[in-house]
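Peer 1: My questions will all concern the structure given below.
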2 protein chains.
Amino acid sequence: MESVFEIIAEPNRRAILSLLVSSQQSVGAIERQLRMPQPTVSKHLRVLRDAGFVESTVDAQRRLYRLNPEPLQQVEAWLAPFRRFWSAHLDALERHLDRMKQSTPTKRKTRRKPTRRKPRT
Amino acid sequence: MESVFEIIAEPNRRAILSLLVSSQQSVGAIERQLRMPQPTVSKHLRVLRDAGFVESTVDAQRRLYRLNPEPLQQVEAWLAPFRRFWSAHLDALERHLDRMKQSTPTKRKTRRKPTRRKPRT
DNA sequence: TTTTAATATGCCTTGACACGTATATTCTCT
DNA sequence: AGAGAATATACGTGTCAAGGCATATTAAAA
């Protein structure tokens with residue numbers, strides 16, 4: 001289980017995380033609210049904890065799990081560069097710029113019609 | 001392949017998406033820049049396209065792929081509620097509130113020592 | 001029309017992971 | 001100490017997706 005993205009790819013884990021936004025929860029509480037078998041909850045919590053998404057404290061026999069934001073910030077970070085795509089309604093503009101750049105590392109004078117392209121090296 | 005999260009769970013797909021941030025690219029260009037076999041690229045692009053992450057236009061035999069932001073906005077949306085966890089440095093405050101809520105749906109009088117916390121309810 | 005470039009698809013294998021069920025572990029309370 | 005609650009872990013199983021390789025497809029160039 002490498003990246004944070006694989007962690008949050010699992011629906012149940014996302015559910016657990018979302019649940020923990022409001023407050024910390026015991027395993028049993030999660031189990032009941034999300035209607036999933038206890039071993040499933042524990043296993044997912046294990047994964048989440050190993051990945052640093054949650055932390056736990058002990059309260060007698062029960063464990064209270066709470067959110068730890070760091071790993072999610074990685075997602076946030078990855079997402080950042082894309083944000084410019086919807087932050088304004090510059091859809092058209094952006095598409096325009098897109099066309100202009102058209103970077104293709106190999107030298108390539110590609111145009112459409114009469115002038116074709118050279119047989120690429 | 002259901003959720004957008006599973007789509008971006010794959011490292012190569014994330015790489016492709018990131019590559020498309022700068023400009024649209026042909027399959028071959030992606031293939032070369034990311035150093036991955038062509039079928040792999042095509043397959044991932046297929047997945048990305050089916051999921052609405054990219055769109056393509058035809059340029060002779062080659063296809064130009066460009067980004068489509070919508071699906072990523074879903075990630076953004078899911079992430080939103082968590083943002084309050086790092087937006088301010090209210091880590092301490094937040095942890096405090098966390099403790100206060102402490103919801104445990106079932107009736108449960110199990111307490112620890114003489115004076116624990118009030119039996120909730 | 002034959003060849004070559006660019007991309008897509010099909011098949012097969014392999015590995016990862018989620019789940020269910022059973023069981024172990026650790027507390028608490030009587 | 002014994003019973004029961006809360007949580008963790010082990011094991012076996014099925015599924016599904018990613019990769020490799022070969023091949024099909026489409027378009028262009030010779």
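Going through the structure tokens in order, the chains are called A, B, and so on, while each chain numbers its residues from 1 and the ligands are numbered from 1 in the order shown.
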Taking only C-alpha atoms (C1' of nucleotides) into account, what are the residues of chain D at most 10 Å from chain B, put as an NGL selection string?
Peer 2: :D and (5 or 16-21 or 26-28)
Peer 1: For chain C against chain A, with a cut-off of 8 Å and counting only C-alpha atoms (C1' of nucleotides), what is the closest atom pair and its distance in Å to one decimal for every residue that makes the cut, ordered by chain and number, as JSON lines?
Peer 2:
```
{"residue": "C:DC19", "atom": "C1'", "partner": "A:Thr40", "partner_atom": "CA", "distance": 7.6}
{"residue": "C:DT26", "atom": "C1'", "partner": "A:Gln61", "partner_atom": "CA", "distance": 6.8}
{"residue": "C:DC27", "atom": "C1'", "partner": "A:Gln61", "partner_atom": "CA", "distance": 4.8}
{"residue": "C:DT28", "atom": "C1'", "partner": "A:Ala60", "partner_atom": "CA", "distance": 7.9}
```
Peer 1: Considering only C-alpha atoms (C1' of nucleotides), return as an MDAnalysis selection string whatever protein or nucleic-acid residues lie within 12 Å of DT13 of chain D, sequence-local ones (same chain, fewer than 5 positions apart) excluded.
Peer 2: chainID C and resid 17:21
Peer 1: Could you dump the residues just selected with C-alpha atoms (C1' of nucleotides) as a PDB file, in the first residue's frame?
Peer 2:
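Resulting contents of part02.pdb:
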```pdb
ATOM      1  C1'  DC C  17      -6.618  -6.573  -1.881  1.00  0.00           C
ATOM      2  C1'  DA C  18     -11.236  -6.751   0.227  1.00  0.00           C
ATOM      3  C1'  DC C  19     -14.208  -9.803   2.542  1.00  0.00           C
ATOM      4  C1'  DG C  20     -16.101 -13.487   5.605  1.00  0.00           C
ATOM      5  C1'  DT C  21     -15.508 -16.363   9.341  1.00  0.00           C
TER       6       DT C  21
END
```
Peer 1: Quick one: pull the distance between atom CA of Ile30 of chain B and atom CA of Phe5 of chain B, Å, one decimal.
Peer 2: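 Separation of atom CA of Ile30 of chain B and atom CA of Phe5 of chain B: 22.0 Å.
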Peer 1: May I have the residues within 12 Å of Glu6 of chain A as a list in words, using only C-alpha atoms (C1' of nucleotides) and disregarding those fewer than 4 positions away in the same chain?
Peer 2: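 Result of the neighbour search: Met1, Glu2, Glu10, Pro11, Arg13, Arg14, Val47, Leu48, Ala51, Pro71, Leu72 and Val75 of chain A; Val4, Phe5, Glu6, Ile7, Ile8, Ala9, Glu10, Pro11 and Arg14 of chain B; DA16 and DC17 of chain C.
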Peer 1: Quick one, how far is atom CA of Ser42 of chain A from atom CA of Gln74 of chain B?
Peer 2: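 About the pair atom CA of Ser42 of chain A and atom CA of Gln74 of chain B: they are 27.2 Å apart.
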Peer 1: Tell me, as a PDB file with N, CA and C atoms, in the first residue's frame, which residues lie within 6 Å of segment 67-70 of chain A, counting only C-alpha atoms (C1' of nucleotides); anything in the same chain fewer than 2 positions away does not count.
Peer 2:
```pdb
ATOM      1  N   LEU A  20     -15.022  10.733  10.520  1.00  0.00           N
ATOM      2  CA  LEU A  20     -14.139  11.283  11.546  1.00  0.00           C
ATOM      3  C   LEU A  20     -13.984  12.797  11.443  1.00  0.00           C
ATOM      4  N   PHE A  53      -3.327   8.436   8.231  1.00  0.00           N
ATOM      5  CA  PHE A  53      -4.567   9.187   8.070  1.00  0.00           C
ATOM      6  C   PHE A  53      -5.308   9.368   9.380  1.00  0.00           C
ATOM      7  N   VAL A  54      -5.087   8.445  10.275  1.00  0.00           N
ATOM      8  CA  VAL A  54      -5.740   8.533  11.572  1.00  0.00           C
ATOM      9  C   VAL A  54      -4.759   8.203  12.688  1.00  0.00           C
ATOM     10  N   LEU A  72      -3.765  13.751   3.692  1.00  0.00           N
ATOM     11  CA  LEU A  72      -4.742  14.345   2.785  1.00  0.00           C
ATOM     12  C   LEU A  72      -4.208  15.601   2.126  1.00  0.00           C
ATOM     13  N   GLN A  73      -3.291  16.224   2.801  1.00  0.00           N
ATOM     14  CA  GLN A  73      -2.695  17.415   2.204  1.00  0.00           C
ATOM     15  C   GLN A  73      -1.891  17.059   0.957  1.00  0.00           C
TER      16      GLN A  73
END
```
Peer 1: For the atom pair atom C1' of DA10 of chain D and atom CA of Ser3 of chain A, what is the interatomic distance in Å to one decimal place?
Peer 2: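 Atom C1' of DA10 of chain D sits 25.3 Å away from atom CA of Ser3 of chain A.
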Peer 1: Considering only C-alpha atoms (C1' of nucleotides), state which residue in the set C:DG10, C:DT30, C:DA22, C:DG15 is at the smallest distance from DA3 of chain D.
Peer 2: C:DT30
Peer 1: Quick one: everything within 12 Å of DT25 of chain C, counting only C-alpha atoms (C1' of nucleotides), minus sequence neighbours fewer than 4 positions away in the same chain. Send it as a ChimeraX atom specification.
Peer 2: /A:61 /D:6-9
Peer 1: Let me see the file: selected residues, N, CA and C atoms (P, O5', C5', C4', C3', O3' and C1' of nucleotides), as a PDB file, in the first residue's frame.
Peer 2:
```pdb
ATOM      1  N   GLN A  61     -11.222  -0.648  26.947  1.00  0.00           N
ATOM      2  CA  GLN A  61     -11.081  -1.638  25.866  1.00  0.00           C
ATOM      3  C   GLN A  61     -11.296  -1.022  24.507  1.00  0.00           C
TER       4      GLN A  61
ATOM      5  P    DA D   6     -19.260  -3.173  24.120  1.00  0.00           P
ATOM      6  O5'  DA D   6     -17.756  -3.158  23.587  1.00  0.00           O
ATOM      7  C5'  DA D   6     -16.787  -2.406  24.286  1.00  0.00           C
ATOM      8  C4'  DA D   6     -15.475  -2.463  23.541  1.00  0.00           C
ATOM      9  C3'  DA D   6     -15.579  -2.190  22.037  1.00  0.00           C
ATOM     10  O3'  DA D   6     -14.617  -1.203  21.683  1.00  0.00           O
ATOM     11  C1'  DA D   6     -14.437  -4.215  22.417  1.00  0.00           C
ATOM     12  P    DT D   7     -14.534  -0.697  20.215  1.00  0.00           P
ATOM     13  O5'  DT D   7     -13.305  -1.574  19.713  1.00  0.00           O
ATOM     14  C5'  DT D   7     -12.076  -1.468  20.422  1.00  0.00           C
ATOM     15  C4'  DT D   7     -11.095  -2.498  19.929  1.00  0.00           C
ATOM     16  C3'  DT D   7     -10.761  -2.436  18.436  1.00  0.00           C
ATOM     17  O3'  DT D   7      -9.394  -2.065  18.317  1.00  0.00           O
ATOM     18  C1'  DT D   7     -11.018  -4.669  19.181  1.00  0.00           C
ATOM     19  P    DA D   8      -8.751  -1.921  16.888  1.00  0.00           P
ATOM     20  O5'  DA D   8      -7.959  -3.301  16.773  1.00  0.00           O
ATOM     21  C5'  DA D   8      -7.017  -3.636  17.759  1.00  0.00           C
ATOM     22  C4'  DA D   8      -6.432  -5.007  17.492  1.00  0.00           C
ATOM     23  C3'  DA D   8      -5.829  -5.190  16.102  1.00  0.00           C
ATOM     24  O3'  DA D   8      -4.532  -5.748  16.246  1.00  0.00           O
ATOM     25  C1'  DA D   8      -7.386  -6.911  16.535  1.00  0.00           C
ATOM     26  P    DT D   9      -3.565  -5.766  14.996  1.00  0.00           P
ATOM     27  O5'  DT D   9      -3.681  -7.297  14.544  1.00  0.00           O
ATOM     28  C5'  DT D   9      -3.502  -8.303  15.513  1.00  0.00           C
ATOM     29  C4'  DT D   9      -3.829  -9.670  14.951  1.00  0.00           C
ATOM     30  C3'  DT D   9      -3.288  -9.966  13.554  1.00  0.00           C
ATOM     31  O3'  DT D   9      -2.661 -11.232  13.610  1.00  0.00           O
ATOM     32  C1'  DT D   9      -5.540 -10.553  13.677  1.00  0.00           C
TER      33       DT D   9
END
```
Peer 1: Which is closer to chain B than all the others in A:Leu45, A:Val21, A:Ala15, A:Val58, using only C-alpha atoms?
Peer 2: A:Val21
